[in-house]
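Quick notes on the structure that follows.
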Amino acid sequence: MEKHAMIIINPSSGTEKSIQFKQDVYDILIEKDYSVTINETKKENDAKNFAIQASKDAFDLITIMGGDGTVNEVINGIAEQEHRPKLHIIPLGTVNNFAKAVEIPLKTQQAIDVIKDPTEKLVDIGKINNHYFMNLVNIGAIAEATYQVTAEQKSKLGSLAYFIEGLKKFNEKDIFSVKIKLNETTQELDAMLVLIALTDTFGGFKNAVSEADINDGYLHVFVFQEMSTLEILSIITSLVNGQLKDQPHVQYWKTKSLAIETSPSKMTNVDGDEGFSTPLQLEVLEKHVSILK
């Protein structure tokens, strides 16, 4: 029976390497007896719409050549479909949080070669209101700061660029009220940042959220309360060491679903891009998508 694969390329991801490697991917897929369709994104939601089409046409595989934003769009395209193609990810973005979390090779040729002898891993995805995410949602200073990172900063500093902007914002002490309903309780507290993680990778740091696993069936919720500059520096160390929940100014819960309200209303960052404003409903969809690695 003929197998069908779709290559979805974001030509503006990373250093625009995607076009150069397109032929390699195509050749290997043909060798593996796939009939191949190639689609390049030109605008927002193109990757999502291509993925919807691949699901409806019962494609076996989608190869994604792009960053976290492109992966997020593809996941939003397949999440609600009855047939969900397997995903082969070739990470070409700045941070590539998801690829790091799933332990997909970050070197392009190695990521391409996964398709020659792949293993499958079923991973959780998250639902936020009526959209889907695969890595994390954050609310507060760092979330807002990420929209101020320029393309030049990203190419020079990578994930560090987000961190630097976030630290500037953190120092402004933007405190807001949070009400979280989870595990049949309601938590009310003041926060500088709320982080809801599906994977262990945050800001490009693998194992930053050591409690989380890519398919453990939980959302991991961290609320950062008011801190001094010194305490913020201690938080950065704990991020690198994966000891976030042990910090005195961090509250931690794990849950299958939650509802969150803030006062004032805050904008979220979802998988590295601008998301939705609060209030929010979130839940986890266990082992919902199959990734090749």
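Identifiers in this document derive from the order of the structure tokens: chains are assigned A, B, ..., residues are numbered from 1 separately in each chain, and ligands are numbered from 1 in order of occurrence.
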field: Residues near stretch 134-137 of chain A, cut-off 8 Å, only C-alpha atoms, skip fewer than 3 positions along chain, as a ChimeraX atom specification
entry: /A:72,75,97-98,124-126,195-199,201-202,268-271
Output the selection as a short mmCIF file (atom, residue, chain, number, x, y, z; two decimals), in the first residue's frame - N, CA and C atoms for each residue.
data_model
loop_
_atom_site.label_atom_id
_atom_site.label_comp_id
_atom_site.auth_asym_id
_atom_site.auth_seq_id
_atom_site.Cartn_x
_atom_site.Cartn_y
_atom_site.Cartn_z
N ASN A 72 4.09 24.14 16.45
CA ASN A 72 2.83 24.47 17.14
C ASN A 72 1.67 24.53 16.15
N ILE A 75 0.67 21.02 15.06
CA ILE A 75 -0.06 20.34 16.13
C ILE A 75 -1.49 20.87 16.23
N ASN A 97 12.69 24.41 21.68
CA ASN A 97 12.36 23.80 22.98
C ASN A 97 11.81 22.39 22.82
N PHE A 98 10.87 22.24 21.89
CA PHE A 98 10.19 20.95 21.78
C PHE A 98 11.13 19.86 21.31
N ASP A 124 2.31 13.87 25.03
CA ASP A 124 1.15 14.65 25.43
C ASP A 124 1.13 15.98 24.69
N ILE A 125 -0.06 16.52 24.49
CA ILE A 125 -0.16 17.93 24.09
C ILE A 125 -1.15 18.61 25.04
N GLY A 126 -1.08 19.92 25.09
CA GLY A 126 -1.97 20.67 25.97
C GLY A 126 -3.02 21.39 25.15
N LEU A 195 3.93 29.83 35.09
CA LEU A 195 4.49 28.95 34.05
C LEU A 195 3.74 27.63 34.10
N ILE A 196 3.20 27.21 32.95
CA ILE A 196 2.48 25.94 32.88
C ILE A 196 3.20 25.09 31.83
N ALA A 197 3.86 24.02 32.29
CA ALA A 197 4.77 23.25 31.43
C ALA A 197 4.25 21.85 31.15
N LEU A 198 4.44 21.42 29.91
CA LEU A 198 4.16 20.03 29.52
C LEU A 198 5.46 19.23 29.44
N THR A 199 6.56 19.92 29.16
CA THR A 199 7.85 19.24 28.98
C THR A 199 8.87 19.80 29.97
N THR A 201 11.64 21.33 29.25
CA THR A 201 12.53 22.31 28.62
C THR A 201 11.91 23.69 28.62
N PHE A 202 12.66 24.67 29.15
CA PHE A 202 12.16 26.04 29.25
C PHE A 202 13.28 27.00 28.85
N THR A 268 -0.90 35.90 27.41
CA THR A 268 -0.02 34.73 27.58
C THR A 268 0.98 34.62 26.43
N ASN A 269 2.02 33.86 26.70
CA ASN A 269 2.92 33.42 25.65
C ASN A 269 2.73 31.90 25.55
N VAL A 270 2.42 31.41 24.34
CA VAL A 270 2.16 29.99 24.14
C VAL A 270 3.21 29.44 23.16
N ASP A 271 4.03 28.52 23.65
CA ASP A 271 5.08 27.93 22.80
C ASP A 271 5.93 28.99 22.10
#
Excluding stretch 21-35 of chain A and its own-chain neighbours fewer than 4 positions away, which residues fall within 12 Å of it when counting only C-alpha atoms? Please give them as an mmCIF file with N, CA and C atoms, in the first residue's frame.
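Output (around20.cif):
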data_model
loop_
_atom_site.group_PDB
_atom_site.id
_atom_site.type_symbol
_atom_site.label_atom_id
_atom_site.label_comp_id
_atom_site.auth_asym_id
_atom_site.auth_seq_id
_atom_site.Cartn_x
_atom_site.Cartn_y
_atom_site.Cartn_z
ATOM 1 N N MET A 1 0.841 -1.195 0.000
ATOM 2 C CA MET A 1 0.000 0.000 0.000
ATOM 3 C C MET A 1 0.878 1.248 0.000
ATOM 4 N N GLU A 2 0.520 2.206 -0.837
ATOM 5 C CA GLU A 2 1.356 3.410 -0.965
ATOM 6 C C GLU A 2 1.293 4.258 0.302
ATOM 7 N N LYS A 3 2.465 4.764 0.713
ATOM 8 C CA LYS A 3 2.539 5.645 1.887
ATOM 9 C C LYS A 3 2.659 7.087 1.397
ATOM 10 N N HIS A 4 2.040 8.001 2.152
ATOM 11 C CA HIS A 4 2.052 9.410 1.762
ATOM 12 C C HIS A 4 2.729 10.263 2.832
ATOM 13 N N ALA A 5 3.635 11.143 2.400
ATOM 14 C CA ALA A 5 4.304 12.068 3.322
ATOM 15 C C ALA A 5 4.158 13.491 2.805
ATOM 16 N N MET A 6 4.004 14.410 3.746
ATOM 17 C CA MET A 6 3.988 15.832 3.394
ATOM 18 C C MET A 6 5.168 16.516 4.093
ATOM 19 N N ILE A 7 5.937 17.279 3.333
ATOM 20 C CA ILE A 7 7.003 18.111 3.924
ATOM 21 C C ILE A 7 6.439 19.524 4.045
ATOM 22 N N ILE A 8 6.449 20.053 5.276
ATOM 23 C CA ILE A 8 6.023 21.446 5.501
ATOM 24 C C ILE A 8 7.267 22.244 5.874
ATOM 25 N N ILE A 9 7.596 23.226 5.051
ATOM 26 C CA ILE A 9 8.829 24.000 5.224
ATOM 27 C C ILE A 9 8.486 25.443 5.567
ATOM 28 N N ASN A 10 9.114 25.941 6.642
ATOM 29 C CA ASN A 10 9.049 27.374 6.914
ATOM 30 C C ASN A 10 10.373 27.972 6.425
ATOM 31 N N PRO A 11 10.376 28.604 5.239
ATOM 32 C CA PRO A 11 11.650 29.066 4.670
ATOM 33 C C PRO A 11 12.303 30.192 5.471
ATOM 34 N N THR A 15 18.318 29.885 9.923
ATOM 35 C CA THR A 15 19.199 30.600 8.994
ATOM 36 C C THR A 15 18.824 30.305 7.550
ATOM 37 N N GLU A 16 17.548 30.052 7.345
ATOM 38 C CA GLU A 16 17.025 29.777 6.003
ATOM 39 C C GLU A 16 17.719 28.567 5.361
ATOM 40 N N LYS A 17 18.101 27.611 6.224
ATOM 41 C CA LYS A 17 18.750 26.398 5.733
ATOM 42 C C LYS A 17 17.738 25.449 5.106
ATOM 43 N N ASN A 39 5.107 21.512 0.769
ATOM 44 C CA ASN A 39 4.415 22.793 0.931
ATOM 45 C C ASN A 39 5.299 23.767 1.700
ATOM 46 N N GLU A 40 5.434 24.975 1.190
ATOM 47 C CA GLU A 40 6.188 26.024 1.891
ATOM 48 C C GLU A 40 5.228 27.051 2.476
ATOM 49 N N PHE A 59 -2.636 11.169 5.314
ATOM 50 C CA PHE A 59 -1.192 11.033 5.113
ATOM 51 C C PHE A 59 -0.601 10.255 6.293
ATOM 52 N N ASP A 60 0.457 9.499 6.035
ATOM 53 C CA ASP A 60 1.110 8.726 7.090
ATOM 54 C C ASP A 60 2.064 9.579 7.910
ATOM 55 N N LEU A 61 2.657 10.587 7.248
ATOM 56 C CA LEU A 61 3.760 11.317 7.870
ATOM 57 C C LEU A 61 3.747 12.785 7.457
ATOM 58 N N ILE A 62 4.083 13.652 8.442
ATOM 59 C CA ILE A 62 4.390 15.062 8.125
ATOM 60 C C ILE A 62 5.813 15.327 8.600
ATOM 61 N N THR A 63 6.668 15.763 7.690
ATOM 62 C CA THR A 63 8.005 16.236 8.055
ATOM 63 C C THR A 63 7.937 17.753 8.193
ATOM 64 N N ILE A 64 8.333 18.261 9.372
ATOM 65 C CA ILE A 64 8.269 19.701 9.640
ATOM 66 C C ILE A 64 9.683 20.262 9.632
ATOM 67 N N MET A 65 9.938 21.233 8.754
ATOM 68 C CA MET A 65 11.237 21.913 8.728
ATOM 69 C C MET A 65 11.003 23.346 9.179
ATOM 70 N N GLY A 66 11.241 23.590 10.484
ATOM 71 C CA GLY A 66 10.963 24.918 11.037
ATOM 72 C C GLY A 66 11.234 24.936 12.526
ATOM 73 N N HIS A 88 7.696 14.067 11.895
ATOM 74 C CA HIS A 88 9.160 13.999 11.803
ATOM 75 C C HIS A 88 9.632 15.454 11.818
ATOM 76 N N ILE A 89 10.340 15.841 12.887
ATOM 77 C CA ILE A 89 10.680 17.257 13.080
ATOM 78 C C ILE A 89 12.163 17.495 12.785
ATOM 79 N N ILE A 90 12.403 18.483 11.917
ATOM 80 C CA ILE A 90 13.774 18.924 11.634
ATOM 81 C C ILE A 90 13.878 20.345 12.192
ATOM 82 N N PRO A 91 14.484 20.491 13.396
ATOM 83 C CA PRO A 91 14.413 21.783 14.096
ATOM 84 C C PRO A 91 15.311 22.847 13.467
ATOM 85 N N LEU A 92 14.690 23.923 12.996
ATOM 86 C CA LEU A 92 15.447 25.007 12.357
ATOM 87 C C LEU A 92 15.183 26.362 13.023
ATOM 88 N N LYS A 107 21.212 18.821 15.184
ATOM 89 C CA LYS A 107 21.989 18.998 13.938
ATOM 90 C C LYS A 107 21.090 18.580 12.775
ATOM 91 N N THR A 108 21.016 19.443 11.770
ATOM 92 C CA THR A 108 20.025 19.255 10.712
ATOM 93 C C THR A 108 20.151 17.911 10.015
ATOM 94 N N GLN A 109 21.362 17.536 9.626
ATOM 95 C CA GLN A 109 21.517 16.277 8.881
ATOM 96 C C GLN A 109 21.115 15.076 9.729
ATOM 97 N N GLN A 110 21.452 15.139 11.029
ATOM 98 C CA GLN A 110 21.074 14.029 11.928
ATOM 99 C C GLN A 110 19.554 13.950 12.075
ATOM 100 N N ALA A 111 18.908 15.116 12.164
ATOM 101 C CA ALA A 111 17.438 15.144 12.277
ATOM 102 C C ALA A 111 16.784 14.595 11.001
ATOM 103 N N ILE A 112 17.372 14.937 9.853
ATOM 104 C CA ILE A 112 16.864 14.401 8.581
ATOM 105 C C ILE A 112 16.996 12.878 8.575
ATOM 106 N N ASP A 113 18.140 12.379 9.040
ATOM 107 C CA ASP A 113 18.433 10.942 8.974
ATOM 108 C C ASP A 113 17.555 10.090 9.907
ATOM 109 N N VAL A 114 16.861 10.738 10.859
ATOM 110 C CA VAL A 114 15.940 10.007 11.745
ATOM 111 C C VAL A 114 14.983 9.152 10.924
ATOM 112 N N ILE A 115 14.563 9.664 9.773
ATOM 113 C CA ILE A 115 13.541 8.996 8.957
ATOM 114 C C ILE A 115 14.042 7.663 8.385
ATOM 115 N N LYS A 116 15.368 7.482 8.366
ATOM 116 C CA LYS A 116 15.915 6.225 7.816
ATOM 117 C C LYS A 116 15.620 5.037 8.724
ATOM 118 N N ASP A 117 15.672 5.282 10.061
ATOM 119 C CA ASP A 117 15.431 4.183 11.008
ATOM 120 C C ASP A 117 14.778 4.765 12.271
ATOM 121 N N PRO A 118 13.508 5.176 12.163
ATOM 122 C CA PRO A 118 12.903 5.918 13.270
ATOM 123 C C PRO A 118 12.357 5.026 14.390
#
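The space between atom CA of A:Phe222 and atom CA of A:Gly272 spans 17.2 Å.
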field: Proximity to A:Phe276 - best of A:Pro264, A:Asn129, A:Phe224, A:Ser238, only C-alpha atoms
entry: A:Asn129
For A:Val123: contacts at 12 Å, only C-alpha atoms, fewer than 2 positions along chain excluded, given as a ChimeraX atom specification: /A:75,79,86-87,98-99,101-102,120-121,125-126,133-135,198-199,212-218,284-293
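Minimum atom-to-atom distance to A:Glu261, evaluated using only C-alpha atoms, belongs to A:Val178 out of A:Val178, A:Asp200, A:Gln247, A:Glu231.
For the atom pair formed by atom CA of A:Val209 and atom CA of A:Leu280, the distance is 21.7 Å, given to one decimal.
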field: Selection near A:Gly242, 10 Å with only C-alpha atoms, sequence-local residues under 2 positions removed, as a list in words
entry: Asp200, Thr201, Phe205, Lys206, Asn207, Ala208, Val209, Ser210, Glu211, Ile236, Thr237, Ser238, Leu239, Val240, Leu244, Lys245 and Asp246 of chain A
- request: Write down as a PyMOL selection string the residues of stretch 24-234 of chain A whose backbone DSSP state falls under strand (DSSP E).
  value: chain A and resi 34-40+61-66+86-91+120-128+131-133+136-140+176-182+185-191+193-197+219-224
query: Quick one: distance from atom CA of A:Ala259 to atom CA of A:Gln281 in Å, one decimal?
result: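 Those two atoms sit 4.5 Å apart.
Proximity to A:Val223 at 7 Å, evaluated using only C-alpha atoms and with sequence-adjacent residues fewer than 6 positions away removed, yields Ala191, Leu193, Val194, Leu195, Val250, Gln251 and Tyr252 of chain A.
With only C-alpha atoms as the atoms that count, the residue of A:Ser277, A:Asn76, A:Asn130, A:Asn241 with the shortest distance to A:Ser55 is A:Asn76.
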query: From the list A:His220, A:Lys48, A:Lys127, A:Lys266, which residue is nearest A:Trp253 when using only C-alpha atoms?
result: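 Ranking A:His220, A:Lys48, A:Lys127, A:Lys266 by distance to A:Trp253, first place goes to A:His220.
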